[in-house]
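Novice: Please see the structure below; I have some questions.
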2 protein chains.
Amino acid sequence: MSDTTPTVFIVDDNHSVLRSLSRVVRQAAYKPVTFSSADHFLDAIAHAPVQPACLLLDLHLPGMNGLEVQKHHAAIPAACPIVFISGNATIPATVQAIKNGAVTFLAKPFDHDDLLKSIEEALEKHRAQISELTQTGSIHDRIASLTEREREVMAWVISGSLNKQIAAQLGIVEKTVKVHRARVMEKMQTASVAELVKLCVVAGFESAKA
Amino acid sequence: MSDTTPTVFIVDDNHSVLRSLSRVVRQAAYKPVTFSSADHFLDAIAHAPVQPACLLLDLHLPGMNGLEVQKHHAAIPAACPIVFISGNATIPATVQAIKNGAVTFLAKPFDHDDLLKSIEEALEKHRAQISELTQTGSIHDRIASLTEREREVMAWVISGSLNKQIAAQLGIVEKTVKVHRARVMEKMQTASVAELVKLCVVAGFESAKA
DNA sequence: CCCACCATTGGACTTTGGTCCAATAAGTGC
DNA sequence: GCACTTATTGGACCAAAGTCCAATGGTGGG
């Protein structure tokens, strides 16, 4: 089982279901990891390395139900997509699950094909999510490497302000703004205001302008 | 019934259901507009003025089912949000409906409160959608007012290219680029590259760079 | 044929941005 | 105290962008 094999987490309180799902997952060349309770899963996932994965989750669980697990799970940044499974699902629960971001909701009994298709969809979604996170993560790192003053100057730069306007706003001389600005461009690894603006947009960094 | 009253479209092949829903909707101070077939609704909505509205849609309809109606309806830009209603809904149909953007899926019988809450959610969503469209619409108008050449130059400008680089790419002189560029800024009503980039981002206008 | 629009270019000039080098001062940590 | 970071400023200088002026050639429509 190599490291590049996608992991499929399976949470269900019924051991025979776990075994059965595990078998299907393993036969599809994925790596099944089972949990018989939500708590165990959440504990394990919290410190797991980030890699393509998905979660097969039973809606009915002792203690915390599937929707609650989904909520807790969504709190972590690299949370993997969820495929819900249930024998007696209600429409409202299904609506809730999908609106909260679940890939799909499979009602038992379901085709193996549907399951595998859903797993593949979830994994693909997670791969995209991870690559997205990797990108924005590096941008956030760069923003974090800026000093307060530099961040302040950057906020004004991406608002389209001139150096002299920024200087007036901050109560300093234009020359100083130029220095900060140059350092911003260097640390953010951008060669133009256009690039800088686009980085800030994807990173969610707001521009100034009182 | 004033013009500012939100409209609630209702599509159901059962006339007694239409009457019943109409009454509830009217009592909640909304303006009900009923259709007994999908085709009639799609025809009507295609030329209706854009204003806050939502659609109560039965999953089971003669001819075209609810999911298909949703698909066709989604094709128009200002499409109002959909609240599905059905007496015998399946989990897969529910999943499909929500994944395709439905606000919710109400299984009969349902509380009037749930219905009204869903309608309000849908209307709120549509208001946001309309205001979004109004904004981006005006940006698209400005982009449309540019000549082909100007759009081309803008694509390079927002990529962060220098005038001389743009000139080289287009096989023209830097001076000409300056002229186009000035006209772009004027027509787009922007005073800085930063603003221009942000407009292009929200309008989905892609930057150049081979 | 003339007009309007568009793309193109030139020249002169100002403003702005970016880049060197260099310096001072305050705060932080060892 | 000394090294380090950060914020601040100055001067000189070059490159880039913006702004006036004016002009030419093509194209499509009335």
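Ordered as shown in the structure tokens, chains take letters A, B, and onward, while each chain numbers its residues from 1 and ligands are numbered from 1 in the order shown.
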Quick check for you: according to DSSP on this backbone, which residues of region 63-126 of chain A are classed as alpha helix (DSSP H)? Reply as number ranges by chain.
Specialist: A: 66-74, 91-99, 112-126
Novice: Near chain B, meaning an atom within 10 Å, which residues of chain D appear when counting only C-alpha atoms (C1' of nucleotides)? Write them as number ranges by chain.
Specialist: D: 16-19
Novice: For the strand (DSSP E) assignment from backbone DSSP, which residues of region 36-151 of chain A qualify? Please present them as a PyMOL selection string.
Specialist: chain A and resi 53-58+82-86+104-107
Novice: Quick one: pull the distance between CA of Ile119 (chain B) and CA of Pro6 (chain B), Å, one decimal.
Specialist: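 Straight-line distance from CA of Ile119 (chain B) to CA of Pro6 (chain B) works out to 10.0 Å.
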Novice: Distance limit 6 Å, atoms considered: only C-alpha atoms. Which chain A residues sit that close to chain B? Return them as a compact mmCIF listing (two decimals) with N, CA and C atoms, in the first residue's frame.
Specialist:
# COMPACT_ATOMS: atom_id res chain seq x y z
N ILE A 158 -2.78 48.29 -3.17
CA ILE A 158 -3.77 47.53 -3.95
C ILE A 158 -5.11 48.24 -4.02
N GLY A 160 -5.05 51.19 -5.17
CA GLY A 160 -4.78 52.05 -6.31
C GLY A 160 -4.27 53.43 -5.94
N SER A 192 4.74 43.36 -10.34
CA SER A 192 3.85 44.43 -10.76
C SER A 192 2.67 44.55 -9.81
N ALA A 194 -0.35 44.74 -10.65
CA ALA A 194 -1.40 43.84 -11.13
C ALA A 194 -1.31 42.46 -10.47
Novice: Using only C-alpha atoms (C1' of nucleotides), determine which residues lie at most 12 Å from DT24 (chain D), disregarding the query and same-chain residues fewer than 5 positions distant; provide the list as a PyMOL selection string.
Specialist: chain C and resi 7-10
Novice: Could I get the residues of chain C with an atom no further than 12 Å from an atom of chain A, each paired with its nearest atom pair and that distance in Å to one decimal, using only C-alpha atoms (C1' of nucleotides), sorted by chain and residue number, as a Markdown table?
Specialist:
| residue | atom | partner | partner_atom | distance |
| --- | --- | --- | --- | --- |
| C:DT15 | C1' | A:Leu162 | CA | 10.8 |
| C:DT16 | C1' | A:Leu162 | CA | 8.0 |
| C:DG17 | C1' | A:Lys178 | CA | 8.2 |
| C:DG18 | C1' | A:Ala182 | CA | 7.9 |
| C:DT19 | C1' | A:Ala182 | CA | 9.4 |
Novice: So that I can check the surroundings of region 44-57 of chain A, please list as a list in words every protein, DNA and RNA residue that reaches within 6 Å of it, counting only C-alpha atoms (C1' of nucleotides) and ignoring chain neighbours fewer than 3 positions away.
Specialist: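 Near region 44-57 of chain A, the qualifying residues are Pro6, Thr7, Val8, Phe9, Ile10, Val11, Phe41, Cys80, Pro81, Ile82, Val83, Phe84, Ile85, Ala122, Leu123, His126 and Arg127 of chain A.
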Novice: What does the file look like for those residues with N, CA and C atoms, as a PDB file, in the first residue's frame?
Specialist:
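Just written: out_29.pdb:
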ATOM      1  N   PRO A   6      -4.895   6.796  -2.399  1.00  0.00           N
ATOM      2  CA  PRO A   6      -5.866   7.599  -1.668  1.00  0.00           C
ATOM      3  C   PRO A   6      -6.473   6.826  -0.506  1.00  0.00           C
ATOM      4  N   THR A   7      -6.677   7.539   0.577  1.00  0.00           N
ATOM      5  CA  THR A   7      -7.270   6.916   1.756  1.00  0.00           C
ATOM      6  C   THR A   7      -8.777   7.119   1.762  1.00  0.00           C
ATOM      7  N   VAL A   8      -9.504   6.098   2.125  1.00  0.00           N
ATOM      8  CA  VAL A   8     -10.950   6.223   2.292  1.00  0.00           C
ATOM      9  C   VAL A   8     -11.292   5.904   3.746  1.00  0.00           C
ATOM     10  N   PHE A   9     -11.643   6.951   4.494  1.00  0.00           N
ATOM     11  CA  PHE A   9     -12.043   6.750   5.881  1.00  0.00           C
ATOM     12  C   PHE A   9     -13.474   6.246   5.898  1.00  0.00           C
ATOM     13  N   ILE A  10     -13.751   5.316   6.791  1.00  0.00           N
ATOM     14  CA  ILE A  10     -15.100   4.772   6.893  1.00  0.00           C
ATOM     15  C   ILE A  10     -15.530   4.802   8.352  1.00  0.00           C
ATOM     16  N   VAL A  11     -16.631   5.487   8.606  1.00  0.00           N
ATOM     17  CA  VAL A  11     -17.129   5.565   9.979  1.00  0.00           C
ATOM     18  C   VAL A  11     -18.528   4.972  10.040  1.00  0.00           C
ATOM     19  N   PHE A  41     -12.627   8.881  14.932  1.00  0.00           N
ATOM     20  CA  PHE A  41     -12.285   9.440  13.618  1.00  0.00           C
ATOM     21  C   PHE A  41     -11.781  10.871  13.742  1.00  0.00           C
ATOM     22  N   CYS A  80     -11.514  16.510   4.368  1.00  0.00           N
ATOM     23  CA  CYS A  80     -11.804  15.768   3.150  1.00  0.00           C
ATOM     24  C   CYS A  80     -13.310  15.732   2.908  1.00  0.00           C
ATOM     25  N   PRO A  81     -13.715  15.591   1.645  1.00  0.00           N
ATOM     26  CA  PRO A  81     -15.134  15.543   1.299  1.00  0.00           C
ATOM     27  C   PRO A  81     -15.808  14.309   1.906  1.00  0.00           C
ATOM     28  N   ILE A  82     -17.113  14.413   2.120  1.00  0.00           N
ATOM     29  CA  ILE A  82     -17.873  13.352   2.774  1.00  0.00           C
ATOM     30  C   ILE A  82     -18.898  12.737   1.833  1.00  0.00           C
ATOM     31  N   VAL A  83     -18.959  11.415   1.864  1.00  0.00           N
ATOM     32  CA  VAL A  83     -20.025  10.691   1.175  1.00  0.00           C
ATOM     33  C   VAL A  83     -20.885  10.068   2.273  1.00  0.00           C
ATOM     34  N   PHE A  84     -22.120  10.523   2.376  1.00  0.00           N
ATOM     35  CA  PHE A  84     -23.003   9.992   3.406  1.00  0.00           C
ATOM     36  C   PHE A  84     -23.611   8.665   2.977  1.00  0.00           C
ATOM     37  N   ILE A  85     -23.838   7.838   3.971  1.00  0.00           N
ATOM     38  CA  ILE A  85     -24.470   6.543   3.738  1.00  0.00           C
ATOM     39  C   ILE A  85     -25.514   6.322   4.829  1.00  0.00           C
ATOM     40  N   ALA A 122     -15.363  12.436  -4.799  1.00  0.00           N
ATOM     41  CA  ALA A 122     -14.905  13.036  -3.550  1.00  0.00           C
ATOM     42  C   ALA A 122     -13.392  13.217  -3.558  1.00  0.00           C
ATOM     43  N   LEU A 123     -12.689  12.201  -4.027  1.00  0.00           N
ATOM     44  CA  LEU A 123     -11.223  12.266  -4.056  1.00  0.00           C
ATOM     45  C   LEU A 123     -10.758  13.373  -4.999  1.00  0.00           C
ATOM     46  N   HIS A 126     -11.195  16.592  -3.378  1.00  0.00           N
ATOM     47  CA  HIS A 126     -10.187  16.825  -2.340  1.00  0.00           C
ATOM     48  C   HIS A 126      -8.843  17.184  -2.948  1.00  0.00           C
ATOM     49  N   ARG A 127      -8.506  16.564  -4.040  1.00  0.00           N
ATOM     50  CA  ARG A 127      -7.240  16.893  -4.706  1.00  0.00           C
ATOM     51  C   ARG A 127      -7.235  18.369  -5.107  1.00  0.00           C
TER      52      ARG A 127
END
Novice: At what distance in Å, to one decimal, does CA of Thr34 (chain B) lie from CA of Val17 (chain B)?
Specialist: 10.3 Å
Novice: My list of candidates is D:DA15, D:DC2, D:DA7, D:DA23. Which is closest to DA25 (chain C) when distances are computed with only C-alpha atoms (C1' of nucleotides)?
Specialist: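 Checking each of D:DA15, D:DC2, D:DA7, D:DA23 against DA25 (chain C), counting only C-alpha atoms (C1' of nucleotides), the winner is D:DA7.
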Novice: Neighbours of region 169-173 of chain A within 10 Å (only C-alpha atoms (C1' of nucleotides); same-chain residues fewer than 2 positions away dropped), as a list in words?
Specialist: Arg149, Glu152, Val153, Trp156, Ser161, Asn163, Lys164, Gln165, Ile166, Ala167, Lys175, Thr176, Val177, Lys178, Lys209 and Ala210 of chain A; DT8 and DT9 of chain D
